[in-house]
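Notes for the one structure printed next.
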Amino acid sequence: MTDLTALTIAEAREGLAKKSFSSVELTEAHLAAMENAKALNAFILPTPEIAEKMAREADARERSGSAGPLNGIPLGIKDLFATKGVRTTACSKILGNFVPPYESTVTSQLWRDGAVMLGKLNNDEFAMGSSNETSCFGPVKNPWRREGGSNVYLVPGGSSGGSAAAVAAQLCLGATGTDTGGSIRQPASFAGIVGIKPTYGRCSRWGIVAFASSLDQAGPFARTVRDAAILLRSMAGHDPKDTTSVDRPVPDYEAAIGRSIKGMKIGIPKEYRMAGMPDEIERLWAQGAEWLKAAGAELIDISLPHTKYALPAYYIVAPAEASANLARYDGVRYGLRVDGRAITDMYEATRAEGFGAEVRRRVMIGTYVLSAGYYDAYYVRAQKVRTLIKRDFEDCFAKGVDAILTPATPSAAFGIGEKGGADPVEMYLNDIFTVTVNMAGLPGIAVPAGTDGQGLPLGLQLIGRPFDEETLFTLGAIVEQAAGRFTPGRWW
Ligand code: GLN
């Protein structure tokens, strides 16, 4: 039989419909692959019993002709999504053994459509990070390694590092992620797979552990653009439980693949050509532009003048919102409690013990920028900058630009322990090309497009108009077709 873990979602869907194999067989193949890939530390909580049960139910639905669009497809779930009856920790000690009595809207829609849950995936603590090194479960290893027999373990990116590693290593057919400043697109690039952050409001945030509520969005990881389109259709949609989710129909994203891009205008923003950018990133970007041009698009030079303020403004807005969101972890209602003489001692001891260093740093920065004396100087200013960043994009779209092409990351995956030790800003710079998109609430897709000098995958980013994910799938598929697919050699 073919290797069931090497299939795409589209291929698996076809095989299941034709009864070439069952969901139980497909699920068991993935559970075995997970068992053999423990060294990657991608899954922090496999749920084999749940998976087997869901797979049996999917097979029954297939037989009775009531299969939904994701029937029998095994997926991994980032540990930021609340899963009913299944431990959900955001990879923080402070949530301890929290078992939610409810299911997030996004995951419940995946199960509604027939998908099978394989388990919970590692991520940076509360999704704060770019390397998955801040997780209380320890770092995830990227399935990719540098060419030439290098034995350096690389990060898979973050914060959705477990999701990216698991999909690239063929431990699941797809996975969920969340993206506040780049946490889907950067790990997708580091792992040579596809990831899309939809427009803010496209997916419900209900039941997802909150980091920065005005920036957080859920989205899928998959090995092909088509698979990402299939997953997003199930994940997206209006939810009365999240007032920021938008009530507009969810298109058939898959149908956008293969559409003509003749005459489409692709913006190339000059501000994304950073000083000191490696040549290979420059070349990749130029190559991507050529591919789109060859398919009939028109390339136009554009300017997004406030780009350079995006990262500093993000590191005010995101920690400010995080400090408010994380105030709820006080040892009273759920998770860890460290006793103290009086209630304030208990709060302090719990939060000191339960939060890791990066989370504590963000809470302190956030509290500082929101404090009475500094609110106008930092927080209000950052919000104004955010408006300017959004306006830059609006101006380009108003001039007829259909989508914007940029590199996804400033480099390929780096080694575990290599960055951010002494200087957190070194780590923050990973999101230089992605945070603008969250600040403006726009959709962005990362598609693998080439490799660096050491054979590691590199991604390109396409940024779209609000709610125009379809164009991103159309364009992404063209890049994918030209670049081919990227699969790591197996060493684990
Ligand atoms: N790396 C960014 C941060 O640390 C973005 C994380 C994310 O998108 N969740 O905040």
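Every chain in the structure tokens has a letter given in the order shown (A, B, ...), and although residue numbers restart at 1 in each chain, ligands are simply numbered from 1 in the order shown.
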Quiz item: So which residues are near ligand 1, meaning at most 10 Å away with only C-alpha atoms and all ligand atoms counted, given back as a ChimeraX atom specification?
Solution: /A:123-132,134,157-160,177-187,197,210-212,215-218,311,314-315,318-319,322,358-359,362,424,427-432,434-435,438
Quiz item: Could you pull out the strand (DSSP E) residues of region 276-383 of chain A from DSSP and send them as a ChimeraX atom specification?
Solution: /A:298-302
Suppose we keep N, CA, C and O atoms; can you now write the selection as a PDB file, in the first residue's frame?
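Ended up saving to result23.pdb:
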```pdb
ATOM      1  N   GLU A 298       0.853  41.566 -13.564  1.00  0.00           N
ATOM      2  CA  GLU A 298       1.663  42.759 -13.797  1.00  0.00           C
ATOM      3  C   GLU A 298       2.324  43.133 -12.469  1.00  0.00           C
ATOM      4  O   GLU A 298       1.648  43.190 -11.449  1.00  0.00           O
ATOM      5  N   LEU A 299       3.631  43.359 -12.500  1.00  0.00           N
ATOM      6  CA  LEU A 299       4.329  43.697 -11.260  1.00  0.00           C
ATOM      7  C   LEU A 299       4.406  45.212 -11.140  1.00  0.00           C
ATOM      8  O   LEU A 299       4.749  45.891 -12.104  1.00  0.00           O
ATOM      9  N   ILE A 300       4.072  45.729  -9.966  1.00  0.00           N
ATOM     10  CA  ILE A 300       4.261  47.164  -9.798  1.00  0.00           C
ATOM     11  C   ILE A 300       4.974  47.492  -8.490  1.00  0.00           C
ATOM     12  O   ILE A 300       4.712  46.886  -7.464  1.00  0.00           O
ATOM     13  N   ASP A 301       5.892  48.434  -8.608  1.00  0.00           N
ATOM     14  CA  ASP A 301       6.624  48.864  -7.415  1.00  0.00           C
ATOM     15  C   ASP A 301       5.700  49.705  -6.564  1.00  0.00           C
ATOM     16  O   ASP A 301       5.063  50.628  -7.058  1.00  0.00           O
ATOM     17  N   ILE A 302       5.622  49.370  -5.288  1.00  0.00           N
ATOM     18  CA  ILE A 302       4.773  50.143  -4.387  1.00  0.00           C
ATOM     19  C   ILE A 302       5.587  50.562  -3.165  1.00  0.00           C
ATOM     20  O   ILE A 302       6.689  50.061  -2.936  1.00  0.00           O
TER      21      ILE A 302
END
```
Quiz prompt | 8 Å contact set for region 20-34 of chain A, only C-alpha atoms, chain neighbours under 6 positions out, as a PyMOL selection string | solution = chain A and resi 4-5+43+48+51-52+55-56+58-59+72-74+116+118+170-172
Quiz prompt | For Phe221 (chain A): contacts at 9 Å, only C-alpha atoms, fewer than 2 positions along chain excluded, given as a PyMOL selection string | solution = chain A and resi 163-164+167+173-177+184-185+188+193-196+219+223-224+227-228+231
Exercise. Tell me, as a list of chain:residue names, which residues lie within 7 Å of Ile230 (chain A), counting only C-alpha atoms; anything in the same chain fewer than 3 positions away does not count.
Key: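 Everything that qualifies: A:Arg226, A:Asp227, A:Arg233, A:Tyr253, A:Glu254.
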Show me, as an mmCIF file with C-alpha atoms, in the first residue's frame, the residues that have an atom within 6 Å of Ser189 (chain A) when counting only C-alpha atoms, minus same-chain residues fewer than 4 positions from it.
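Output file result_24.cif is given in full below:
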```
data_model
loop_
_atom_site.group_PDB
_atom_site.id
_atom_site.type_symbol
_atom_site.label_atom_id
_atom_site.label_comp_id
_atom_site.auth_asym_id
_atom_site.auth_seq_id
_atom_site.Cartn_x
_atom_site.Cartn_y
_atom_site.Cartn_z
ATOM 1 C CA PRO A 448 7.559 27.519 0.202
ATOM 2 C CA LEU A 458 12.433 29.505 2.387
ATOM 3 C CA GLY A 459 8.967 30.943 1.941
#
```
Quiz prompt | Counting only C-alpha atoms, the option among A:Arg341, A:Lys308, A:Lys141, A:Arg333 closest to Leu388 (chain A) | solution =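 For Leu388 (chain A), the nearest of the candidates is A:Lys308.
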Self-check item: Best match for closeness to Arg112 (chain A) among A:Thr199, A:Thr436, A:Thr387, A:Ser66, counting only C-alpha atoms
Solution: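 Closest residue, counting only C-alpha atoms: A:Ser66.
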Practice problem: Tell me which protein, DNA and RNA residues are within 8 Å of Thr107 (chain A), counting only C-alpha atoms, leaving out same-chain ones fewer than 2 positions away, and put them as a PyMOL selection string. | Solution: chain A and resi 77+81+83+103-105+109-111+235
Output for the residues just chosen: N, CA and C atoms as an mmCIF file, in the first residue's frame:
```cif
data_model
loop_
_atom_site.group_PDB
_atom_site.id
_atom_site.type_symbol
_atom_site.label_atom_id
_atom_site.label_comp_id
_atom_site.auth_asym_id
_atom_site.auth_seq_id
_atom_site.Cartn_x
_atom_site.Cartn_y
_atom_site.Cartn_z
ATOM 1 N N ILE A 77 -3.715 19.584 16.571
ATOM 2 C CA ILE A 77 -4.306 20.827 17.076
ATOM 3 C C ILE A 77 -3.308 21.548 17.980
ATOM 4 N N PHE A 81 -5.799 25.915 21.360
ATOM 5 C CA PHE A 81 -7.232 25.708 21.105
ATOM 6 C C PHE A 81 -7.805 24.857 22.232
ATOM 7 N N THR A 83 -9.898 22.196 23.852
ATOM 8 C CA THR A 83 -10.499 20.956 23.362
ATOM 9 C C THR A 83 -11.207 20.306 24.551
ATOM 10 N N GLU A 103 -15.317 23.314 23.784
ATOM 11 C CA GLU A 103 -14.493 23.136 22.583
ATOM 12 C C GLU A 103 -14.421 24.471 21.850
ATOM 13 N N SER A 104 -13.260 24.834 21.337
ATOM 14 C CA SER A 104 -13.159 26.075 20.574
ATOM 15 C C SER A 104 -14.040 25.971 19.330
ATOM 16 N N THR A 105 -14.497 27.114 18.845
ATOM 17 C CA THR A 105 -15.372 27.098 17.667
ATOM 18 C C THR A 105 -14.636 26.508 16.462
ATOM 19 N N GLN A 109 -15.734 23.102 14.447
ATOM 20 C CA GLN A 109 -16.124 23.081 13.024
ATOM 21 C C GLN A 109 -15.347 22.018 12.253
ATOM 22 N N LEU A 110 -14.097 21.777 12.641
ATOM 23 C CA LEU A 110 -13.321 20.702 11.999
ATOM 24 C C LEU A 110 -13.962 19.349 12.291
ATOM 25 N N TRP A 111 -14.365 19.152 13.550
ATOM 26 C CA TRP A 111 -14.993 17.864 13.912
ATOM 27 C C TRP A 111 -16.368 17.754 13.259
ATOM 28 N N MET A 235 -12.642 25.874 8.860
ATOM 29 C CA MET A 235 -12.306 26.656 10.052
ATOM 30 C C MET A 235 -13.012 28.014 10.103
#
```
Quiz item: Residues of region 166-389 of chain A in alpha helix (DSSP H) according to DSSP, as an MDAnalysis selection string?
Solution: chainID A and resid 166:168 185:191 225:235 279:294 310:325 343:354 357:370 381:389
